[in-house]
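Pasting run_33.cif here (mmCIF, C-alpha atoms):
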```
data_run
loop_
_atom_site.label_atom_id
_atom_site.label_comp_id
_atom_site.auth_asym_id
_atom_site.auth_seq_id
_atom_site.Cartn_x
_atom_site.Cartn_y
_atom_site.Cartn_z
CA MET S 1 75.04 -88.43 112.61
CA PRO S 2 74.61 -85.40 110.36
CA LYS S 3 74.64 -81.87 111.74
CA GLU S 4 71.33 -80.50 112.95
CA MET S 5 69.36 -78.64 110.29
CA VAL S 6 68.52 -75.39 112.03
CA LEU S 7 67.13 -72.39 110.16
CA LYS S 8 67.55 -68.77 111.09
CA PRO S 9 65.14 -66.03 110.06
CA ILE S 10 66.44 -63.69 107.34
CA GLY S 11 63.35 -61.51 107.33
CA VAL S 12 59.72 -61.14 108.27
CA VAL S 13 56.36 -60.92 106.49
CA HIS S 14 54.26 -57.77 106.70
CA ALA S 15 50.66 -58.56 105.81
CA GLY S 16 47.82 -56.21 106.50
CA GLU S 17 45.57 -53.51 105.19
CA GLN S 18 48.56 -51.51 103.92
CA GLY S 19 49.53 -54.41 101.68
CA PHE S 20 52.05 -57.21 101.62
CA ALA S 21 55.80 -57.09 101.91
CA VAL S 22 58.82 -59.06 102.98
CA GLU S 23 61.26 -57.11 105.13
CA VAL S 24 64.78 -58.48 104.94
CA PHE S 25 66.89 -57.92 108.05
CA PRO S 26 69.75 -55.40 107.67
CA GLU S 27 72.60 -57.95 107.69
CA TYR S 28 71.09 -59.81 104.71
CA ARG S 29 70.19 -56.82 102.51
CA PRO S 30 73.32 -57.05 100.33
CA ALA S 31 71.93 -60.43 99.17
CA LEU S 32 69.08 -58.57 97.42
CA ARG S 33 71.41 -57.03 94.85
CA GLU S 34 69.94 -57.34 91.32
CA LEU S 35 66.92 -59.30 92.54
CA GLY S 36 64.83 -56.45 91.14
CA ASP S 37 65.78 -57.56 87.62
CA PHE S 38 63.56 -60.61 88.08
CA SER S 39 59.80 -60.27 87.72
CA HIS S 40 59.09 -63.02 90.27
CA VAL S 41 60.60 -64.55 93.40
CA HIS S 42 60.01 -67.57 95.60
CA ILE S 43 59.48 -66.62 99.21
CA LEU S 44 60.18 -69.45 101.67
CA TRP S 45 58.93 -69.08 105.20
CA TRP S 46 58.37 -71.02 108.37
CA GLY S 47 54.72 -71.74 109.10
CA ASP S 48 55.11 -71.20 112.82
CA GLN S 49 51.60 -69.86 113.33
CA THR S 50 49.98 -73.11 112.21
CA ASP S 51 52.76 -75.36 113.49
CA THR S 52 51.71 -77.83 116.17
CA GLU S 53 52.68 -81.31 117.22
CA GLU S 54 49.58 -82.45 115.35
CA SER S 55 50.27 -80.51 112.13
CA ARG S 56 53.72 -82.09 111.86
CA LYS S 57 52.13 -85.53 111.84
CA SER S 58 49.79 -84.77 108.92
CA LEU S 59 50.41 -87.23 106.14
CA THR S 60 47.10 -87.09 104.28
CA CYS S 61 44.30 -84.56 104.17
CA ASN S 62 41.03 -83.65 102.52
CA PRO S 63 41.98 -80.38 100.84
CA PRO S 64 39.46 -77.51 101.08
CA TYR S 65 39.19 -77.47 97.27
CA ALA S 66 38.33 -81.17 97.05
CA LYS S 67 36.88 -82.25 100.34
CA GLU S 68 35.71 -85.63 99.07
CA HIS S 69 39.30 -86.42 98.14
CA THR S 70 41.97 -87.89 100.42
CA THR S 71 45.38 -86.95 99.18
CA GLY S 72 48.93 -87.16 100.52
CA ILE S 73 50.23 -83.89 101.91
CA PHE S 74 53.21 -83.93 99.51
CA ALA S 75 50.55 -83.65 96.77
CA THR S 76 49.25 -80.45 98.43
CA ARG S 77 50.60 -77.13 99.59
CA SER S 78 49.04 -77.55 103.01
CA PRO S 79 50.86 -75.76 105.85
CA ASN S 80 50.46 -78.97 107.88
CA ARG S 81 53.47 -81.05 106.92
CA PRO S 82 56.46 -82.77 108.55
CA ASN S 83 58.63 -79.68 108.01
CA PRO S 84 56.54 -76.48 107.88
CA ILE S 85 58.63 -74.76 105.19
CA LEU S 86 56.08 -72.99 103.04
CA MET S 87 56.68 -71.36 99.69
CA THR S 88 54.96 -68.92 97.38
CA VAL S 89 55.89 -67.49 94.01
CA CYS S 90 55.25 -63.74 94.06
CA LEU S 91 55.27 -61.01 91.50
CA VAL S 92 57.71 -58.31 92.62
CA LEU S 93 56.07 -54.89 92.60
CA ASP S 94 59.04 -53.06 94.06
CA ILE S 95 62.31 -53.68 95.86
CA ASN S 96 64.02 -51.18 98.11
CA ILE S 97 67.39 -52.70 98.94
CA GLU S 98 68.39 -50.04 101.45
CA ARG S 99 65.24 -50.63 103.51
CA GLY S 100 65.22 -54.34 102.71
CA MET S 101 61.63 -54.20 101.48
CA ILE S 102 60.18 -56.43 98.77
CA ILE S 103 56.66 -55.30 97.94
CA VAL S 104 54.35 -57.99 96.52
CA PRO S 105 50.65 -57.95 95.59
CA TYR S 106 49.77 -60.76 97.99
CA LEU S 107 51.38 -63.31 100.24
CA ASP S 108 49.46 -66.14 101.90
CA ALA S 109 51.43 -65.88 105.15
CA PHE S 110 50.39 -64.35 108.44
CA ASP S 111 51.77 -61.00 109.52
CA GLY S 112 54.97 -61.56 111.48
CA THR S 113 55.86 -64.86 109.80
CA GLN S 114 59.58 -65.62 109.73
CA VAL S 115 61.11 -65.72 106.25
CA VAL S 116 63.95 -68.20 105.73
CA ASP S 117 64.94 -67.80 102.08
CA ILE S 118 64.31 -65.82 98.91
CA LYS S 119 65.07 -67.30 95.50
CA ALA S 120 64.73 -65.59 92.14
CA TYR S 121 62.29 -67.28 89.75
CA PHE S 122 64.40 -68.65 86.90
CA PRO S 123 62.34 -69.74 83.87
CA LEU S 124 65.03 -72.31 83.04
CA SER S 125 64.48 -74.13 86.32
CA ASP S 126 60.96 -73.13 87.45
CA ARG S 127 58.74 -72.62 84.44
CA VAL S 128 57.32 -75.87 83.09
CA ARG S 129 56.01 -75.89 79.53
CA SER S 130 54.24 -79.26 79.43
CA VAL S 131 52.56 -79.64 82.76
CA SER S 132 49.84 -81.95 83.98
CA TYR S 133 47.87 -82.20 87.19
CA PRO S 134 45.08 -84.34 88.61
CA LYS S 135 41.71 -84.58 86.89
CA TRP S 136 40.05 -83.30 90.05
CA LEU S 137 41.96 -80.03 89.57
CA SER S 138 41.36 -79.82 85.85
CA HIS S 139 39.06 -76.82 86.29
CA TRP S 140 41.97 -74.86 87.76
CA PRO S 141 43.80 -72.30 85.63
CA GLU S 142 47.03 -73.32 83.94
CA TRP S 143 48.88 -70.21 85.08
CA MET S 144 49.41 -68.04 88.09
CA PRO S 145 46.82 -65.27 87.92
CA GLU S 146 48.21 -61.89 86.86
CA LYS S 147 45.41 -59.55 87.80
CA GLU S 148 43.17 -59.26 90.81
CA GLY S 149 39.84 -60.89 90.03
CA GLU S 150 41.26 -62.98 87.19
CA VAL S 151 40.58 -66.13 89.19
CA ASP S 152 37.54 -66.76 91.37
CA PHE S 153 39.32 -68.34 94.32
CA GLU S 154 36.08 -68.87 96.16
CA ALA S 155 34.69 -70.94 93.30
CA LEU S 156 37.89 -73.02 93.37
CA GLY S 157 37.45 -73.68 97.10
CA LEU S 158 40.57 -71.68 97.92
CA ALA S 159 39.07 -68.64 99.64
CA MET J 1 61.59 -65.74 121.49
CA PRO J 2 60.10 -67.97 118.77
CA LYS J 3 60.59 -71.72 118.77
CA GLU J 4 63.70 -73.01 117.07
CA MET J 5 63.24 -73.87 113.40
CA VAL J 6 64.65 -77.37 113.19
CA LEU J 7 64.17 -79.57 110.16
CA LYS J 8 64.06 -83.33 110.10
CA PRO J 9 64.92 -85.43 107.04
CA ILE J 10 61.93 -87.03 105.31
CA GLY J 11 64.01 -88.79 102.68
CA VAL J 12 67.31 -89.02 100.88
CA VAL J 13 68.65 -88.40 97.37
CA HIS J 14 70.02 -91.23 95.29
CA ALA J 15 72.22 -89.87 92.53
CA GLY J 16 74.54 -92.00 90.51
CA GLU J 17 75.13 -94.00 87.39
CA GLN J 18 71.84 -95.85 87.88
CA GLY J 19 69.94 -92.58 87.74
CA PHE J 20 68.29 -90.14 90.10
CA ALA J 21 65.65 -90.74 92.73
CA VAL J 22 64.30 -89.48 96.00
CA GLU J 23 63.68 -92.18 98.57
CA VAL J 24 61.06 -91.18 101.12
CA PHE J 25 61.45 -92.81 104.53
CA PRO J 26 58.79 -95.40 105.44
CA GLU J 27 56.93 -93.27 108.00
CA TYR J 28 56.31 -90.52 105.43
CA ARG J 29 55.24 -92.68 102.47
CA PRO J 30 51.47 -92.19 103.03
CA ALA J 31 52.11 -88.49 102.24
CA LEU J 32 52.93 -89.49 98.63
CA ARG J 33 49.34 -90.50 97.90
CA GLU J 34 48.16 -89.07 94.55
CA LEU J 35 51.44 -87.23 93.97
CA GLY J 36 51.79 -89.35 90.83
CA ASP J 37 48.91 -87.41 89.28
CA PHE J 38 51.19 -84.38 88.99
CA SER J 39 53.74 -84.22 86.19
CA HIS J 40 56.23 -82.22 88.28
CA VAL J 41 57.30 -81.79 91.90
CA HIS J 42 59.50 -79.43 93.89
CA ILE J 43 62.15 -81.27 95.84
CA LEU J 44 63.52 -79.32 98.81
CA TRP J 45 66.73 -80.51 100.37
CA TRP J 46 69.42 -79.46 102.77
CA GLY J 47 72.72 -78.59 101.10
CA ASP J 48 74.80 -80.17 103.84
CA GLN J 49 77.62 -81.22 101.53
CA THR J 50 78.44 -77.63 100.57
CA ASP J 51 77.42 -76.13 103.92
CA THR J 52 80.23 -74.39 105.80
CA GLU J 53 80.56 -71.45 108.12
CA GLU J 54 81.78 -69.52 105.09
CA SER J 55 78.94 -70.57 102.74
CA ARG J 56 76.35 -69.35 105.25
CA LYS J 57 77.89 -65.90 105.11
CA SER J 58 77.66 -65.58 101.32
CA LEU J 59 75.63 -62.52 100.44
CA THR J 60 76.89 -61.79 96.94
CA CYS J 61 78.64 -63.89 94.33
CA ASN J 62 79.93 -63.95 90.79
CA PRO J 63 77.79 -66.71 89.32
CA PRO J 64 79.51 -69.26 87.07
CA TYR J 65 77.23 -68.22 84.18
CA ALA J 66 78.13 -64.53 84.50
CA LYS J 67 81.48 -64.25 86.17
CA GLU J 68 81.89 -60.55 85.44
CA HIS J 69 78.68 -59.91 87.34
CA THR J 70 78.28 -59.43 91.09
CA THR J 71 74.83 -60.36 92.18
CA GLY J 72 73.07 -60.89 95.50
CA ILE J 73 72.66 -64.53 96.44
CA PHE J 74 68.86 -64.16 96.70
CA ALA J 75 69.06 -63.38 92.95
CA THR J 76 70.77 -66.75 92.40
CA ARG J 77 70.16 -70.42 93.17
CA SER J 78 73.61 -70.77 94.69
CA PRO J 79 73.91 -73.44 97.40
CA ASN J 80 75.87 -70.90 99.44
CA ARG J 81 73.19 -68.97 101.32
CA PRO J 82 72.20 -68.09 104.89
CA ASN J 83 69.89 -71.12 105.06
CA PRO J 84 71.04 -73.92 102.74
CA ILE J 85 67.55 -75.05 101.73
CA LEU J 86 67.87 -75.90 98.06
CA MET J 87 65.06 -76.59 95.65
CA THR J 88 64.58 -78.11 92.22
CA VAL J 89 61.54 -78.63 90.06
CA CYS J 90 61.65 -82.17 88.65
CA LEU J 91 59.68 -84.09 86.10
CA VAL J 92 58.30 -87.22 87.75
CA LEU J 93 59.16 -90.30 85.73
CA ASP J 94 57.69 -92.77 88.20
CA ILE J 95 56.47 -93.02 91.77
CA ASN J 96 56.39 -96.21 93.79
CA ILE J 97 54.58 -95.34 97.01
CA GLU J 98 55.19 -98.68 98.68
CA ARG J 99 58.95 -98.36 98.22
CA GLY J 100 58.84 -94.58 98.69
CA MET J 101 60.71 -93.99 95.43
CA ILE J 102 60.26 -90.97 93.17
CA ILE J 103 62.24 -91.45 89.99
CA VAL J 104 63.33 -88.25 88.21
CA PRO J 105 65.48 -87.64 85.14
CA TYR J 106 68.00 -85.51 87.02
CA LEU J 107 68.55 -83.87 90.36
CA ASP J 108 71.36 -81.42 91.06
CA ALA J 109 71.98 -82.76 94.57
CA PHE J 110 74.75 -85.01 95.79
CA ASP J 111 74.07 -88.66 96.53
CA GLY J 112 73.00 -89.00 100.16
CA THR J 113 71.60 -85.48 100.47
CA GLN J 114 68.82 -85.13 103.05
CA VAL J 115 65.42 -84.26 101.62
CA VAL J 116 63.21 -82.04 103.80
CA ASP J 117 60.05 -81.52 101.75
CA ILE J 118 58.25 -82.47 98.55
CA LYS J 119 55.60 -80.20 97.05
CA ALA J 120 53.48 -80.88 93.98
CA TYR J 121 53.93 -78.34 91.18
CA PHE J 122 50.63 -76.46 90.91
CA PRO J 123 50.31 -74.38 87.72
CA LEU J 124 48.03 -71.98 89.61
CA SER J 125 50.78 -71.08 92.05
CA ASP J 126 54.04 -71.97 90.29
CA ARG J 127 53.70 -71.41 86.55
CA VAL J 128 54.22 -67.79 85.57
CA ARG J 129 52.88 -66.65 82.21
CA SER J 130 54.50 -63.20 81.91
CA VAL J 131 57.97 -63.60 83.27
CA SER J 132 61.06 -61.42 82.99
CA TYR J 133 64.64 -61.87 84.05
CA PRO J 134 67.89 -59.92 83.81
CA LYS J 135 69.33 -58.87 80.45
CA TRP J 136 72.50 -60.77 81.27
CA LEU J 137 70.40 -63.97 81.30
CA SER J 138 68.39 -63.07 78.21
CA HIS J 139 70.10 -65.82 76.19
CA TRP J 140 68.67 -68.42 78.58
CA PRO J 141 65.62 -70.46 77.57
CA GLU J 142 62.20 -69.36 78.77
CA TRP J 143 61.24 -72.85 79.93
CA MET J 144 62.59 -75.80 81.80
CA PRO J 145 64.13 -78.13 79.22
CA GLU J 146 62.07 -81.21 78.46
CA LYS J 147 64.52 -83.40 76.66
CA GLU J 148 68.13 -84.26 77.23
CA GLY J 149 70.30 -82.15 74.95
CA GLU J 150 67.60 -79.52 74.42
CA VAL J 151 69.73 -77.00 76.29
CA ASP J 152 73.49 -76.69 76.00
CA PHE J 153 74.25 -76.17 79.69
CA GLU J 154 77.95 -75.82 79.01
CA ALA J 155 77.32 -72.91 76.67
CA LEU J 156 75.19 -71.29 79.38
CA GLY J 157 78.03 -71.62 81.89
CA LEU J 158 76.05 -74.09 83.95
CA ALA J 159 77.97 -77.31 83.35
#
```
Re-express the file's structure as structure tokens.
Amino acid sequence: MPKEMVLKPIGVVHAGEQGFAVEVFPEYRPALRELGDFSHVHILWWGDQTDTEESRKSLTCNPPYAKEHTTGIFATRSPNRPNPILMTVCLVLDINIERGMIIVPYLDAFDGTQVVDIKAYFPLSDRVRSVSYPKWLSHWPEWMPEKEGEVDFEALGLA
Amino acid sequence: MPKEMVLKPIGVVHAGEQGFAVEVFPEYRPALRELGDFSHVHILWWGDQTDTEESRKSLTCNPPYAKEHTTGIFATRSPNRPNPILMTVCLVLDINIERGMIIVPYLDAFDGTQVVDIKAYFPLSDRVRSVSYPKWLSHWPEWMPEKEGEVDFEALGLA
């Protein structure tokens, strides 16, 4: 029997009118060293605010952007999944290592969400040149938006 | 006090001379529906085979590709981190939903590793157009390699 896979929080999400940030707890701040040399990071967090007995059992869904479509949850980024580890790639606006603050333009997590890992975005491992995705998403942009308003999320069914 | 963050395995890595695959356990196979329409997936797994009391305490390291450099572990993809959730973007060669098998060209996980999540690679959220990374990695390619031999991993200090 393998050891239990138990996560501990390494930080917390701040999301509100003042903006979006990840605050890393004091004991983990040395792990931020040189992260500011990367333009982007993956933030991994625990979706505890949507986590229910029911959400863990989700195997398929009709995503908000394609309601007529039934798709497996591994083919989505739905927060309802067997293990609610959620992940977003974020542009880094600023890092203050002493205060443990990573300022980002946006983060689709609730205020107070527990962060479990931060990983630098390495083009060698994360940036795919030849990519394809389903026909029913073919109207979606091929890149992460860079500027506010660049993508009409409402029109994509994502707002 | 928040609920404990406990993960359960949803599959297992097969890595060996026959190739590389993720086998999804029978109860989770419906969640693979339509995943085959995506060229790439993120595989998230638990690094139990390198997980020790010591590895959890790693906050900085001298990465193999830049030994003279001390960097925070959040600025690396090291398996030694406070929460050993590891992640790789993989090209999908084939998916057999009935057998729960996702065949990939390569996966940097040990045989028998527990898989905890699978997420489709969405260009809108994962593919960064304007990316930057540290000067000491500036000789690294700007993209995930597509063909075997395209990148000399040994020369990059990664082999």
Quiz item: Using all atoms listed in the file, which of J:Ser55, J:Asn62, J:Gln18, J:Asn83 sits nearest chain S?
Solution: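 Smallest distance to chain S is found for J:Asn83.
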Quiz prompt | Counting all atoms listed in the file, the residue of J:Arg29, J:Arg77, J:His14, J:Lys8 that sits nearest Trp46 in chain J | solution = J:Lys8
Self-check item: Two-atom distance - CA of Pro105 in chain J, CA of Glu148 in chain J (Å)
Solution: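 Distance reported for this atom pair: 9.0 Å.
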Quiz item: Do you know which residues are at most 12 Å from Asp48 in chain J counting only C-alpha atoms, after dropping those on the same chain fewer than 3 positions away, and could you put them as a list in words?
Solution: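 Contacts, with the query itself left out: Pro2, Lys3, Glu4, Met5 and Val6 of chain S; Pro9, Val12, Trp45, Asp51, Thr52, Glu53, Ser55, Arg56, Pro79, Asn80, Arg81, Asn83, Pro84, Ile85, Leu86, Ala109, Phe110, Asp111, Gly112, Thr113, Gln114, Val115 and Val116 of chain J.
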Exercise. Would you list the contacts of range 96-99 of chain S as a VMD selection string, taking every protein, DNA or RNA residue within 9 Å and counting only C-alpha atoms, but skipping same-chain residues closer than 6 positions in sequence?
Key: chain S and resid 23 to 26 29 to 33 36
Those residues you just picked out, can you put them in a file as a compact mmCIF listing (two decimals), in the frame of the given file with C-alpha atoms?
```
# COMPACT_ATOMS: atom_id res chain seq x y z
CA GLU S 23 61.26 -57.11 105.13
CA VAL S 24 64.78 -58.48 104.94
CA PHE S 25 66.89 -57.92 108.05
CA PRO S 26 69.75 -55.40 107.67
CA ARG S 29 70.19 -56.82 102.51
CA PRO S 30 73.32 -57.05 100.33
CA ALA S 31 71.93 -60.43 99.17
CA LEU S 32 69.08 -58.57 97.42
CA ARG S 33 71.41 -57.03 94.85
CA GLY S 36 64.83 -56.45 91.14
```
Quiz prompt | Distance-based interface of chain J with chain S, 6 Å, counting only C-alpha atoms, as a PyMOL selection string | solution = chain J and resi 5-7+30-35+37-39+59-60+71-75+83+118-120+123-125+127-128+131-134+141-144
Exercise. Using the chain letters and numbers from the file, give me the residues hit by the PyMOL selection byres ((chain S and resi 156) around 12), as a list in words.
Key: Pro63, Pro64, Tyr65, Ala66, Lys67, Trp136, Leu137, Ser138, His139, Trp140, Pro141, Val151, Asp152, Phe153, Glu154, Ala155, Gly157, Leu158 and Ala159 of chain S; Leu124 of chain J
Quiz item: CA of Ala21 in chain S and CA of Met101 in chain S are how many Å apart?
Solution: 6.5 Å
Self-check item: Selected residue, from J:Leu93, J:Gly11, J:Thr50, J:Phe20, that lies nearest to Leu107 in chain J when counting all atoms listed in the file
Solution: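 Residue with the minimum atom-to-atom distance to Leu107 in chain J: J:Phe20.
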Practice problem: For CA of Lys147 in chain J and CA of Asp108 in chain J, determine how far apart the two atoms are, in Å to one decimal place. | Solution: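 Spanning CA of Lys147 in chain J to CA of Asp108 in chain J is a straight-line distance of 16.1 Å.
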Self-check item: Closest of J:Glu54, J:Ile102, J:Ile95, J:Glu68 to Val22 in chain J - atom-to-atom distances counting only C-alpha atoms
Solution: J:Ile102
Would you compute an axis-aligned box for range 50-53 of chain S, covering every atom listed for it in the file with 3 Å of margin on each side, and report centre and edge lengths in Å to one decimal as AutoDock Vina command-line options?
```
--center_x 51.4 --center_y -77.2 --center_z 114.7 --size_x 8.8 --size_y 14.2 --size_z 11.0
```
